[in-house]
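Data from structure.csv: CSV, C-alpha atoms (C1' of nucleotides)
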chain,number,residue,atom,x,y,z
Q,27,MET,CA,-141.6,20.1,155.0
Q,28,LYS,CA,-140.0,19.0,151.8
Q,29,VAL,CA,-141.4,20.4,148.6
Q,30,SER,CA,-142.4,17.0,147.4
Q,31,GLU,CA,-144.5,16.5,150.5
Q,32,ALA,CA,-146.2,19.7,150.0
Q,33,ALA,CA,-146.7,18.7,146.3
Q,34,LEU,CA,-148.2,15.4,147.4
Q,35,ASP,CA,-150.6,17.2,149.6
Q,36,LYS,CA,-151.7,19.5,146.9
Q,37,PHE,CA,-152.0,16.6,144.5
Q,38,HIS,CA,-154.1,14.6,147.0
Q,39,GLU,CA,-156.4,17.5,147.4
Q,40,TYR,CA,-156.7,17.9,143.6
Q,41,LEU,CA,-157.6,14.2,143.3
Q,42,LYS,CA,-160.1,14.3,146.0
Q,43,ASP,CA,-161.8,17.3,144.4
Q,44,LYS,CA,-162.2,15.3,141.2
Q,45,GLY,CA,-163.2,12.1,142.9
Q,46,LEU,CA,-160.0,10.4,141.9
Q,47,LYS,CA,-157.7,8.3,144.0
Q,48,LEU,CA,-154.2,8.6,145.3
Q,49,THR,CA,-152.7,5.3,144.3
Q,50,SER,CA,-149.3,4.0,145.1
Q,51,GLU,CA,-148.3,4.4,141.5
Q,52,ARG,CA,-149.3,8.0,141.4
Q,53,LYS,CA,-147.4,8.6,144.6
Q,54,GLU,CA,-144.2,7.0,143.2
Q,55,ILE,CA,-144.5,9.0,140.0
Q,56,LEU,CA,-145.0,12.3,141.8
Q,57,LYS,CA,-142.1,11.6,144.1
Q,58,LYS,CA,-139.9,10.9,141.2
Q,59,VAL,CA,-141.1,14.0,139.3
Q,60,PHE,CA,-140.2,16.2,142.2
Q,61,SER,CA,-136.8,14.7,142.6
Q,62,ILE,CA,-135.8,15.6,139.0
Q,63,HIS,CA,-134.6,19.2,138.9
Q,64,ASP,CA,-134.6,19.5,135.2
Q,65,HIS,CA,-136.9,18.8,132.3
Q,66,PHE,CA,-137.6,15.2,131.3
Q,67,ASP,CA,-139.9,13.3,129.0
Q,68,ALA,CA,-142.3,10.5,129.8
Q,69,GLU,CA,-139.8,7.9,128.7
Q,70,ASP,CA,-137.1,9.3,130.9
Q,71,LEU,CA,-139.4,9.1,133.8
Q,72,LEU,CA,-140.5,5.6,133.1
Q,73,PHE,CA,-136.9,4.5,132.8
Q,74,MET,CA,-135.9,6.0,136.1
Q,75,LEU,CA,-138.8,4.4,137.9
Q,76,LYS,CA,-138.1,1.0,136.4
Q,77,LYS,CA,-134.4,1.3,137.2
Q,78,GLU,CA,-135.3,1.8,140.8
Q,79,GLY,CA,-137.6,-1.2,140.8
Q,80,LYS,CA,-140.8,0.8,140.9
Q,81,ASP,CA,-143.1,-1.2,138.7
Q,82,VAL,CA,-145.2,1.4,137.0
Q,83,SER,CA,-146.5,1.1,133.5
Q,84,ARG,CA,-146.0,3.4,130.6
Q,85,ALA,CA,-149.7,4.1,130.5
Q,86,SER,CA,-149.8,5.2,134.1
Q,87,VAL,CA,-146.8,7.5,133.6
Q,88,TYR,CA,-148.6,9.2,130.8
Q,89,ARG,CA,-151.9,9.3,132.6
Q,90,THR,CA,-150.4,10.7,135.8
Q,91,LEU,CA,-148.3,13.3,134.0
Q,92,ASN,CA,-151.6,14.6,132.5
Q,93,LEU,CA,-153.1,14.8,135.9
Q,94,LEU,CA,-150.0,16.6,137.3
Q,95,VAL,CA,-150.2,19.1,134.5
Q,96,ASP,CA,-153.9,19.6,135.0
Q,97,SER,CA,-153.3,20.2,138.7
Q,98,SER,CA,-150.7,22.8,138.0
Q,99,LEU,CA,-148.0,20.9,139.8
Q,100,VAL,CA,-146.1,20.2,136.6
Q,101,GLU,CA,-145.6,22.2,133.4
Q,102,LYS,CA,-145.5,20.8,130.0
Q,103,VAL,CA,-142.7,22.2,127.9
Q,104,ASP,CA,-142.5,22.0,124.2
Q,105,PHE,CA,-139.2,22.4,122.4
Q,106,GLY,CA,-140.7,21.7,119.0
Q,107,GLU,CA,-139.3,18.2,118.9
Q,108,GLY,CA,-142.6,16.5,118.5
Q,109,LYS,CA,-142.7,15.2,122.0
Q,110,ALA,CA,-143.5,16.7,125.4
Q,111,TYR,CA,-141.1,17.5,128.1
Q,112,TYR,CA,-142.2,18.2,131.7
Q,113,GLU,CA,-140.8,20.0,134.7
Q,114,HIS,CA,-142.3,20.4,138.1
Q,115,ILE,CA,-143.3,23.9,138.9
Q,116,PHE,CA,-144.7,23.8,142.5
Q,117,GLY,CA,-142.4,25.8,144.7
Q,118,HIS,CA,-140.7,27.4,141.8
Q,119,TYR,CA,-141.3,30.5,139.8
Q,120,HIS,CA,-142.4,30.1,136.3
Q,121,HIS,CA,-139.5,30.4,133.9
Q,122,ASP,CA,-138.7,30.3,130.2
Q,123,HIS,CA,-136.0,28.6,128.2
Q,124,LEU,CA,-132.9,29.2,126.2
Q,125,VAL,CA,-132.5,26.1,124.0
Q,126,CYS,CA,-129.2,25.5,122.3
Q,127,LEU,CA,-129.8,24.1,118.8
Q,128,ASP,CA,-126.3,22.5,118.7
Q,129,CYS,CA,-125.9,20.7,122.0
Q,130,GLY,CA,-129.5,20.7,123.2
Q,131,LYS,CA,-128.7,22.3,126.5
Q,132,VAL,CA,-131.5,24.2,128.1
Q,133,VAL,CA,-131.0,27.2,130.3
Q,134,GLN,CA,-133.8,28.6,132.4
Q,135,PHE,CA,-134.4,32.3,132.8
Q,136,GLU,CA,-137.1,34.4,134.3
Q,137,ASP,CA,-137.7,38.0,133.3
Q,138,PRO,CA,-140.2,40.3,135.0
Q,139,VAL,CA,-140.1,42.8,132.2
Q,140,ILE,CA,-141.4,40.2,129.7
Q,141,GLU,CA,-143.9,38.8,132.2
Q,142,LYS,CA,-145.3,42.3,132.8
Q,143,ARG,CA,-145.4,43.1,129.2
Q,144,GLN,CA,-147.4,40.0,128.4
Q,145,GLU,CA,-149.9,41.0,130.9
Q,146,GLU,CA,-150.2,44.4,129.3
Q,147,ILE,CA,-150.6,42.8,125.9
Q,148,CYS,CA,-153.3,40.6,127.1
Q,149,LYS,CA,-155.1,43.4,128.8
Q,150,GLY,CA,-155.0,45.3,125.5
Q,151,HIS,CA,-156.6,42.3,123.7
Q,152,ASP,CA,-159.1,41.7,126.5
Q,153,PHE,CA,-157.6,38.3,126.8
Q,154,GLN,CA,-157.4,36.4,130.0
Q,155,LEU,CA,-153.9,35.1,130.5
Q,156,ASP,CA,-153.6,31.6,131.9
Q,157,TYR,CA,-150.1,30.7,131.1
Q,158,HIS,CA,-147.5,31.1,128.5
Q,159,THR,CA,-144.5,29.3,126.9
Q,160,LEU,CA,-141.5,31.2,125.7
Q,161,ASN,CA,-138.5,29.3,124.1
Q,162,ILE,CA,-135.6,31.1,122.7
Q,163,PHE,CA,-133.6,28.9,120.3
Q,164,GLY,CA,-130.0,29.6,119.3
Q,165,ARG,CA,-126.4,28.6,120.2
Q,166,CYS,CA,-124.9,28.7,123.6
Q,167,LYS,CA,-121.5,30.1,124.4
Q,168,GLU,CA,-119.7,26.8,124.5
Q,169,CYS,CA,-121.0,25.7,121.1
Q,170,ARG,CA,-120.0,28.9,119.5
Q,171,LYS,CA,-116.6,28.7,121.0
Q,172,GLY,CA,-116.2,25.1,120.3
Q,173,GLY,CA,-115.0,25.4,116.7
Q,174,GLN,CA,-118.0,25.9,114.4
Q,175,GLU,CA,-117.6,29.4,113.0
Q,176,ASP,CA,-121.1,29.7,111.6
Q,177,ALA,CA,-122.3,33.0,113.1
Q,178,SER,CA,-123.6,33.9,109.6
Q,179,ASN,CA,-127.3,33.4,109.3
Q,180,SER,CA,-129.9,33.6,106.5
G,19,MET,CA,-144.1,41.7,92.5
G,20,LYS,CA,-146.4,39.6,94.6
G,21,VAL,CA,-145.0,38.2,97.8
G,22,SER,CA,-145.4,34.7,96.7
G,23,GLU,CA,-143.2,35.4,93.6
G,24,ALA,CA,-140.5,36.9,95.8
G,25,ALA,CA,-140.8,33.9,98.0
G,26,LEU,CA,-140.5,31.6,95.1
G,27,ASP,CA,-137.3,33.4,94.1
G,28,LYS,CA,-135.9,33.1,97.5
G,29,PHE,CA,-136.8,29.4,97.7
G,30,HIS,CA,-135.3,28.8,94.3
G,31,GLU,CA,-132.1,30.4,95.5
G,32,TYR,CA,-132.0,28.4,98.6
G,33,LEU,CA,-132.5,25.2,96.7
G,34,LYS,CA,-129.8,26.0,94.2
G,35,ASP,CA,-127.4,26.7,97.1
G,36,LYS,CA,-128.1,23.3,98.4
G,37,GLY,CA,-127.9,21.5,95.1
G,38,LEU,CA,-131.7,20.8,95.2
G,39,LYS,CA,-134.3,21.2,92.6
G,40,LEU,CA,-137.3,23.3,92.1
G,41,THR,CA,-139.9,20.8,91.1
G,42,SER,CA,-143.5,21.5,90.1
G,43,GLU,CA,-144.7,19.9,93.4
G,44,ARG,CA,-142.5,22.3,95.4
G,45,LYS,CA,-143.8,25.2,93.4
G,46,GLU,CA,-147.4,24.2,94.0
G,47,ILE,CA,-146.8,23.8,97.7
G,48,LEU,CA,-145.1,27.1,98.1
G,49,LYS,CA,-147.8,28.9,96.2
G,50,LYS,CA,-150.5,27.4,98.4
G,51,VAL,CA,-148.5,28.1,101.6
G,52,PHE,CA,-148.2,31.8,100.6
G,53,SER,CA,-151.9,32.0,99.8
G,54,ILE,CA,-152.9,30.9,103.3
G,55,HIS,CA,-152.8,33.9,105.6
G,56,ASP,CA,-153.2,32.0,108.8
G,57,HIS,CA,-151.6,29.0,110.5
G,58,PHE,CA,-152.2,25.6,109.1
G,59,ASP,CA,-151.0,22.0,109.6
G,60,ALA,CA,-149.6,19.6,107.0
G,61,GLU,CA,-152.9,17.8,106.7
G,62,ASP,CA,-154.8,21.1,106.0
G,63,LEU,CA,-152.3,21.9,103.3
G,64,LEU,CA,-152.5,18.5,101.7
G,65,PHE,CA,-156.3,18.7,101.7
G,66,MET,CA,-156.4,22.1,100.1
G,67,LEU,CA,-154.0,21.0,97.4
G,68,LYS,CA,-155.9,17.8,96.7
G,69,LYS,CA,-159.2,19.8,96.5
G,70,GLU,CA,-157.8,21.9,93.8
G,71,GLY,CA,-156.6,18.9,91.8
G,72,LYS,CA,-153.0,19.4,92.6
G,73,ASP,CA,-151.7,15.9,92.9
G,74,VAL,CA,-149.1,16.1,95.6
G,75,SER,CA,-148.3,13.4,98.1
G,76,ARG,CA,-148.4,13.6,101.8
G,77,ALA,CA,-144.7,12.8,101.9
G,78,SER,CA,-143.9,15.7,99.6
G,79,VAL,CA,-145.9,18.1,101.7
G,80,TYR,CA,-144.0,17.1,104.8
G,81,ARG,CA,-140.6,17.2,103.0
G,82,THR,CA,-141.3,20.5,101.4
G,83,LEU,CA,-142.5,22.1,104.6
G,84,ASN,CA,-139.2,21.1,106.2
G,85,LEU,CA,-137.4,22.8,103.4
G,86,LEU,CA,-139.5,25.9,103.7
G,87,VAL,CA,-138.8,26.1,107.4
G,88,ASP,CA,-135.1,25.5,106.8
G,89,SER,CA,-135.0,28.3,104.3
G,90,SER,CA,-136.7,30.7,106.7
G,91,LEU,CA,-139.7,31.2,104.5
G,92,VAL,CA,-142.0,29.5,106.8
G,93,GLU,CA,-142.2,29.3,110.6
G,94,LYS,CA,-143.1,26.2,112.5
G,95,VAL,CA,-145.5,27.0,115.3
G,96,ASP,CA,-146.2,24.7,118.2
G,97,PHE,CA,-149.3,25.1,120.2
G,98,GLY,CA,-148.6,22.1,122.4
G,99,GLU,CA,-151.1,19.9,120.6
G,100,GLY,CA,-148.6,17.3,119.6
G,101,LYS,CA,-148.5,18.4,116.0
G,102,ALA,CA,-146.9,21.2,114.1
G,103,TYR,CA,-148.5,24.2,112.6
G,104,TYR,CA,-146.9,26.4,110.0
G,105,GLU,CA,-147.2,29.9,108.8
G,106,HIS,CA,-145.4,31.8,106.1
G,107,ILE,CA,-143.2,34.5,107.4
G,108,PHE,CA,-141.5,36.0,104.3
G,109,GLY,CA,-142.7,39.6,103.9
G,110,HIS,CA,-144.1,39.6,107.4
G,111,TYR,CA,-142.7,40.5,110.8
G,112,HIS,CA,-142.2,37.8,113.2
G,113,HIS,CA,-145.1,37.6,115.6
G,114,ASP,CA,-146.3,35.7,118.6
G,115,HIS,CA,-149.6,34.2,119.6
G,116,LEU,CA,-152.5,34.4,121.9
G,117,VAL,CA,-154.2,31.1,121.9
G,118,CYS,CA,-157.7,30.7,123.3
G,119,LEU,CA,-158.0,27.4,125.3
G,120,ASP,CA,-161.8,27.4,124.8
G,121,CYS,CA,-162.4,28.1,121.2
G,122,GLY,CA,-158.9,27.6,119.8
G,123,LYS,CA,-158.8,30.9,118.1
G,124,VAL,CA,-155.3,32.3,117.6
G,125,VAL,CA,-154.6,36.0,117.6
G,126,GLN,CA,-151.2,37.3,116.5
G,127,PHE,CA,-149.3,40.0,118.1
G,128,GLU,CA,-146.0,41.6,117.9
G,129,ASP,CA,-144.2,43.5,120.6
G,130,PRO,CA,-141.0,45.3,120.3
G,131,VAL,CA,-140.5,45.6,124.1
G,132,ILE,CA,-140.5,41.8,124.4
G,133,GLU,CA,-138.3,41.3,121.3
G,134,LYS,CA,-135.8,43.8,122.7
G,135,ARG,CA,-135.8,42.3,126.1
G,136,GLN,CA,-135.1,38.9,124.7
G,137,GLU,CA,-132.0,40.2,123.0
G,138,GLU,CA,-130.8,41.6,126.2
G,139,ILE,CA,-131.4,38.4,128.0
G,140,CYS,CA,-129.4,36.5,125.4
G,141,LYS,CA,-126.6,38.9,125.5
G,142,GLY,CA,-126.5,38.5,129.3
G,143,HIS,CA,-126.2,34.7,128.9
G,144,ASP,CA,-123.8,35.0,126.0
G,145,PHE,CA,-126.3,33.1,123.9
G,146,GLN,CA,-126.7,33.6,120.2
G,147,LEU,CA,-130.4,34.2,119.5
G,148,ASP,CA,-131.7,32.5,116.3
G,149,TYR,CA,-135.4,32.6,116.8
G,150,HIS,CA,-138.0,32.2,119.5
G,151,THR,CA,-141.6,31.0,120.1
G,152,LEU,CA,-143.9,32.7,122.5
G,153,ASN,CA,-147.4,31.4,123.0
G,154,ILE,CA,-149.8,32.9,125.5
G,155,PHE,CA,-152.6,30.6,126.4
G,156,GLY,CA,-155.9,31.7,128.1
G,157,ARG,CA,-159.4,32.7,127.2
G,158,CYS,CA,-160.5,35.3,124.7
G,159,LYS,CA,-163.0,38.0,125.2
G,160,GLU,CA,-165.8,36.2,123.4
G,161,CYS,CA,-165.4,32.9,125.3
G,162,ARG,CA,-165.3,34.7,128.7
G,163,LYS,CA,-168.5,36.6,127.7
G,164,GLY,CA,-170.3,33.6,126.3
G,165,GLY,CA,-170.7,31.7,129.5
G,166,GLN,CA,-168.5,29.0,131.0
G,167,GLU,CA,-169.4,26.3,128.5
G,168,ASP,CA,-167.2,25.3,125.7
G,169,ALA,CA,-168.3,27.4,122.9
G,170,SER,CA,-167.5,25.4,119.8
G,171,ASN,CA,-167.3,27.7,117.0
G,172,SER,CA,-169.6,27.6,114.1
X,3,DA,C1',-127.3,11.5,81.8
X,4,DT,C1',-127.2,12.1,86.6
X,5,DG,C1',-128.9,12.2,90.7
X,6,DC,C1',-132.4,14.4,93.3
X,7,DG,C1',-137.6,14.1,93.9
X,8,DT,C1',-141.8,11.7,93.9
X,9,DG,C1',-145.5,8.6,95.5
X,10,DC,C1',-146.6,4.8,98.1
X,11,DA,C1',-146.7,2.1,101.9
X,12,DA,C1',-144.3,0.6,105.7
X,13,DA,C1',-141.9,2.2,109.6
X,14,DT,C1',-141.2,5.1,113.5
X,15,DA,C1',-142.2,7.9,117.5
X,16,DC,C1',-145.2,9.5,120.9
X,17,DT,C1',-149.4,9.2,123.2
X,18,DT,C1',-154.0,7.4,124.1
X,19,DT,C1',-157.4,3.9,124.9
X,20,DG,C1',-160.3,-0.6,125.5
X,21,DC,C1',-160.6,-4.3,128.4
X,22,DA,C1',-160.1,-7.4,132.3
X,23,DT,C1',-158.4,-7.3,136.7
X,24,DG,C1',-156.8,-4.9,141.1
X,25,DC,C1',-157.1,-1.8,144.8
X,26,DC,C1',-158.3,2.8,147.2
X,27,DC,C1',-161.8,5.1,149.9
M,3,DG,C1',-168.1,-3.2,147.8
M,4,DG,C1',-168.2,0.2,144.2
M,5,DG,C1',-165.8,2.5,141.1
M,6,DC,C1',-161.7,4.4,139.7
M,7,DA,C1',-156.8,2.8,138.4
M,8,DT,C1',-153.7,-0.4,136.5
M,9,DG,C1',-151.1,-3.0,133.0
M,10,DC,C1',-151.0,-4.7,128.6
M,11,DA,C1',-151.3,-4.4,124.0
M,12,DA,C1',-153.6,-2.5,120.3
M,13,DA,C1',-155.0,1.6,118.2
M,14,DG,C1',-154.5,6.3,117.1
M,15,DT,C1',-151.8,10.5,115.4
M,16,DA,C1',-148.1,12.8,113.4
M,17,DT,C1',-144.1,12.4,110.7
M,18,DT,C1',-140.3,10.1,108.4
M,19,DT,C1',-138.2,6.8,105.4
M,20,DG,C1',-136.9,2.9,101.8
M,21,DC,C1',-137.6,1.8,97.3
M,22,DA,C1',-138.4,1.9,92.4
M,23,DC,C1',-139.5,5.0,89.0
M,24,DG,C1',-139.7,9.9,87.1
M,25,DC,C1',-138.0,14.5,86.0
M,26,DA,C1',-135.2,18.9,86.6
M,27,DT,C1',-130.8,20.7,85.5

Target format structure tokens, applied to this file:
Amino acid sequence: MKVSEAALDKFHEYLKDKGLKLTSERKEILKKVFSIHDHFDAEDLLFMLKKEGKDVSRASVYRTLNLLVDSSLVEKVDFGEGKAYYEHIFGHYHHDHLVCLDCGKVVQFEDPVIEKRQEEICKGHDFQLDYHTLNIFGRCKECRKGGQEDASNS
Amino acid sequence: MKVSEAALDKFHEYLKDKGLKLTSERKEILKKVFSIHDHFDAEDLLFMLKKEGKDVSRASVYRTLNLLVDSSLVEKVDFGEGKAYYEHIFGHYHHDHLVCLDCGKVVQFEDPVIEKRQEEICKGHDFQLDYHTLNIFGRCKECRKGGQEDASNS
DNA sequence: ATGCGTGCAAATACTTTGCATGCCC
DNA sequence: GGGCATGCAAAGTATTTGCACGCAT
């Protein structure tokens, strides 16, 4: 069974639980979301759907993304750009990001030491950890190589 | 010397470097920013300034906040709410946040293990670390104790 | 004196929402 | 058939920007 089918099942279940409906629009959006193996924003998604002749409105894209986030099938990622990015998470491990400030490239990483440490910190604060976001900003290898000396900070 | 005075010096230096000017508006904004020992958004800051009779425009608040962030005196914090929060950082250590999804309370923490691990990860990816943001979302002790309902704070 | 900075309002960018109609269960 | 969902456009937020005038260096 493909991941997107398992995701569809889970989404359907989530919707049923809430008394909501699995419409053709929601199906198309979910399918597309699970075909993108990278982060994307609402506008990207809308554009891709339109390009393929799927006639979904911007409002439905936004509304469905919120549902997908709420159902834990999709994660909202914030790179501090004043808009939201998304990535599907079902069937993946959670991961964090290295974001290049020059070229904008995003590299994913996952680190058990940090994950574990967060749990300890939360325990110490008697805080129930639901999820976290960790973004590391800087400059990737290529951008440092590619001419700009910089390197000096502050 | 008070922290805000040292900050003012550093800001002045930064501005000079860039051929920019230290205006009375920028001074007032910086002073206020360094008097707030918590995170705040642009509107909060504007409101506080107005309340004290400092006549600064919204545009100047936004423009100056950007300068303060660029000069590393202030950090932009993103809680995924679609707007930016800020906190002054000069004279402090960098810290991360525990954000309660129920009451919105934010607790700061700072963890050398996580900081160190991030450096190692960046080294492994040949990535130059400039800064990072780590937010942990969940529920604080009080909100878990206080029943399941949304406990809006007083 | 020069040119950056300011306030204002309009513009921009992203996201949400009200309403009339459409369609899933 | 009932009620949620959709599309559209308008409204709502957050932030930036063009312009004419003002002020720091």

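One finds CA of Leu155 (chain Q) at 14.9 Å from CA of Lys163 (chain G).
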
Closest pair table for chain M residues within 12 Å of chain Q, only C-alpha atoms (C1' of nucleotides), as a Markdown table:
| residue | atom | partner | partner_atom | distance |
| --- | --- | --- | --- | --- |
| M:DG5 | C1' | Q:Leu46 | CA | 9.8 |
| M:DC6 | C1' | Q:Leu46 | CA | 6.6 |
| M:DA7 | C1' | Q:Thr49 | CA | 7.6 |
| M:DT8 | C1' | Q:Ser86 | CA | 7.2 |
| M:DG9 | C1' | Q:Ser83 | CA | 6.2 |
| M:DC10 | C1' | Q:Ser83 | CA | 8.8 |
| M:DA11 | C1' | Q:Ala85 | CA | 10.8 |
| M:DT15 | C1' | Q:Gly108 | CA | 11.4 |
| M:DA16 | C1' | Q:Gly108 | CA | 8.4 |
| M:DT17 | C1' | Q:Gly108 | CA | 8.9 |

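Between CA of Tyr157 (chain Q) and CA of Leu56 (chain Q) lies a distance of 21.9 Å.
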
Compile a residue-level contact table for chain X against chain Q at a cut-off of 12 Å, reporting for every qualifying residue the shortest atom pair and its distance in Å to one decimal, with all atoms listed in the file counted, rows ordered by chain and ascending number, as JSON lines.
{"residue": "X:DA15", "atom": "C1'", "partner": "Q:Lys109", "partner_atom": "CA", "distance": 8.6}
{"residue": "X:DC16", "atom": "C1'", "partner": "Q:Lys109", "partner_atom": "CA", "distance": 6.3}
{"residue": "X:DT17", "atom": "C1'", "partner": "Q:Tyr88", "partner_atom": "CA", "distance": 7.6}
{"residue": "X:DT18", "atom": "C1'", "partner": "Q:Ala85", "partner_atom": "CA", "distance": 8.4}
{"residue": "X:DT19", "atom": "C1'", "partner": "Q:Ala85", "partner_atom": "CA", "distance": 9.5}
{"residue": "X:DG24", "atom": "C1'", "partner": "Q:Thr49", "partner_atom": "CA", "distance": 11.4}
{"residue": "X:DC25", "atom": "C1'", "partner": "Q:Thr49", "partner_atom": "CA", "distance": 8.4}
{"residue": "X:DC26", "atom": "C1'", "partner": "Q:Lys47", "partner_atom": "CA", "distance": 6.4}
{"residue": "X:DC27", "atom": "C1'", "partner": "Q:Lys47", "partner_atom": "CA", "distance": 7.9}

### Query
Would you list which chain G residues are within 8 Å of chain Q using all atoms listed in the file, as a ChimeraX atom specification?
/G:89-90,96,98,100-102,131-132,135,143-159

### Query
What gap, in Å, lies between CA of Asp67 (chain Q) and CA of Tyr119 (chain Q)?
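Going from CA of Asp67 (chain Q) over to CA of Tyr119 (chain Q), I get 20.4 Å.
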
### Task
Grab the Cα RMSD for chain Q fitted onto chain G, all atoms paired in sequence order, one decimal please.
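C-alpha RMSD after least-squares superposition: 3.7 Å.
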
### Task
Just the residues within 12 Å of DA12 (chain X), please, counting only C-alpha atoms (C1' of nucleotides), with nothing from its chain fewer than 5 positions along; format it as a PyMOL selection string.
chain M and resi 18-21

9 Å contact set for His65 (chain Q), only C-alpha atoms (C1' of nucleotides), chain neighbours under 2 positions out, as a compact mmCIF listing (two decimals) with C-alpha atoms, in the frame of the given file:
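Written out: result33.txt:
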# COMPACT_ATOMS: atom_id res chain seq x y z
CA ILE Q 62 -135.80 15.60 139.00
CA HIS Q 63 -134.60 19.20 138.90
CA ASP Q 67 -139.90 13.30 129.00
CA VAL Q 103 -142.70 22.20 127.90
CA TYR Q 111 -141.10 17.50 128.10
CA TYR Q 112 -142.20 18.20 131.70
CA GLU Q 113 -140.80 20.00 134.70
CA HIS Q 114 -142.30 20.40 138.10
CA VAL Q 132 -131.50 24.20 128.10

What lies within 12 Å of DG24 (chain M) using only C-alpha atoms (C1' of nucleotides), ignoring chain neighbours under 3 positions off, as a compact mmCIF listing (two decimals) with C-alpha atoms (C1' of nucleotides), in the coordinates of the input?
# COMPACT_ATOMS: atom_id res chain seq x y z
CA THR G 41 -139.90 20.80 91.10
C1' DG X 5 -128.90 12.20 90.70
C1' DC X 6 -132.40 14.40 93.30
C1' DG X 7 -137.60 14.10 93.90
C1' DT X 8 -141.80 11.70 93.90
C1' DG X 9 -145.50 8.60 95.50

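Within the 8 Å cut-off around Leu91 (chain Q), using all atoms listed in the file and omitting residues fewer than 4 positions from it on the same chain, the listed residues are Ala68, Val87, Val95 and Val100 of chain Q.
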
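Distances from Q:Lys76, Q:Pro138, Q:Phe37, Q:Leu99 to Gly117 (chain Q) were compared using all atoms listed in the file, and the smallest one belongs to Q:Leu99.
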
Could you pull region 62-77 of chain Q out of the block above and save it with N, CA and C atoms, as a PDB file, in the first residue's frame?
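What follows is the written file out.pdb:
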ATOM      1  N   ILE Q  62       4.563  15.425  -2.996  1.00  0.00           N
ATOM      2  CA  ILE Q  62       5.644  16.407  -2.910  1.00  0.00           C
ATOM      3  C   ILE Q  62       6.578  15.985  -1.783  1.00  0.00           C
ATOM      4  N   HIS Q  63       7.804  15.684  -2.150  1.00  0.00           N
ATOM      5  CA  HIS Q  63       8.718  15.226  -1.106  1.00  0.00           C
ATOM      6  C   HIS Q  63       9.676  16.320  -0.702  1.00  0.00           C
ATOM      7  N   ASP Q  64       9.084  17.428  -0.362  1.00  0.00           N
ATOM      8  CA  ASP Q  64       9.865  18.590   0.038  1.00  0.00           C
ATOM      9  C   ASP Q  64       8.872  19.549   0.689  1.00  0.00           C
ATOM     10  N   HIS Q  65       9.385  20.641   1.194  1.00  0.00           N
ATOM     11  CA  HIS Q  65       8.437  21.599   1.764  1.00  0.00           C
ATOM     12  C   HIS Q  65       7.853  22.462   0.658  1.00  0.00           C
ATOM     13  N   PHE Q  66       6.694  22.987   0.901  1.00  0.00           N
ATOM     14  CA  PHE Q  66       5.983  23.785  -0.100  1.00  0.00           C
ATOM     15  C   PHE Q  66       5.077  24.747   0.652  1.00  0.00           C
ATOM     16  N   ASP Q  67       4.627  25.788  -0.022  1.00  0.00           N
ATOM     17  CA  ASP Q  67       3.663  26.675   0.615  1.00  0.00           C
ATOM     18  C   ASP Q  67       2.310  26.535  -0.074  1.00  0.00           C
ATOM     19  N   ALA Q  68       1.326  27.214   0.464  1.00  0.00           N
ATOM     20  CA  ALA Q  68      -0.038  27.067  -0.036  1.00  0.00           C
ATOM     21  C   ALA Q  68      -0.125  27.434  -1.514  1.00  0.00           C
ATOM     22  N   GLU Q  69       0.592  28.455  -1.869  1.00  0.00           N
ATOM     23  CA  GLU Q  69       0.539  28.925  -3.251  1.00  0.00           C
ATOM     24  C   GLU Q  69       1.168  27.916  -4.212  1.00  0.00           C
ATOM     25  N   ASP Q  70       2.272  27.327  -3.819  1.00  0.00           N
ATOM     26  CA  ASP Q  70       2.897  26.255  -4.607  1.00  0.00           C
ATOM     27  C   ASP Q  70       1.889  25.164  -4.886  1.00  0.00           C
ATOM     28  N   LEU Q  71       1.248  24.754  -3.836  1.00  0.00           N
ATOM     29  CA  LEU Q  71       0.310  23.642  -3.918  1.00  0.00           C
ATOM     30  C   LEU Q  71      -0.848  23.984  -4.859  1.00  0.00           C
ATOM     31  N   LEU Q  72      -1.384  25.178  -4.672  1.00  0.00           N
ATOM     32  CA  LEU Q  72      -2.482  25.617  -5.520  1.00  0.00           C
ATOM     33  C   LEU Q  72      -2.054  25.617  -6.982  1.00  0.00           C
ATOM     34  N   PHE Q  73      -0.857  26.139  -7.217  1.00  0.00           N
ATOM     35  CA  PHE Q  73      -0.351  26.239  -8.573  1.00  0.00           C
ATOM     36  C   PHE Q  73      -0.203  24.857  -9.214  1.00  0.00           C
ATOM     37  N   MET Q  74       0.349  23.929  -8.475  1.00  0.00           N
ATOM     38  CA  MET Q  74       0.528  22.576  -9.010  1.00  0.00           C
ATOM     39  C   MET Q  74      -0.806  21.923  -9.329  1.00  0.00           C
ATOM     40  N   LEU Q  75      -1.760  22.125  -8.474  1.00  0.00           N
ATOM     41  CA  LEU Q  75      -3.079  21.532  -8.701  1.00  0.00           C
ATOM     42  C   LEU Q  75      -3.722  22.128  -9.947  1.00  0.00           C
ATOM     43  N   LYS Q  76      -3.667  23.439 -10.051  1.00  0.00           N
ATOM     44  CA  LYS Q  76      -4.238  24.126 -11.218  1.00  0.00           C
ATOM     45  C   LYS Q  76      -3.574  23.626 -12.495  1.00  0.00           C
ATOM     46  N   LYS Q  77      -2.259  23.510 -12.422  1.00  0.00           N
ATOM     47  CA  LYS Q  77      -1.486  23.113 -13.600  1.00  0.00           C
ATOM     48  C   LYS Q  77      -1.941  21.758 -14.126  1.00  0.00           C
TER      49      LYS Q  77
END
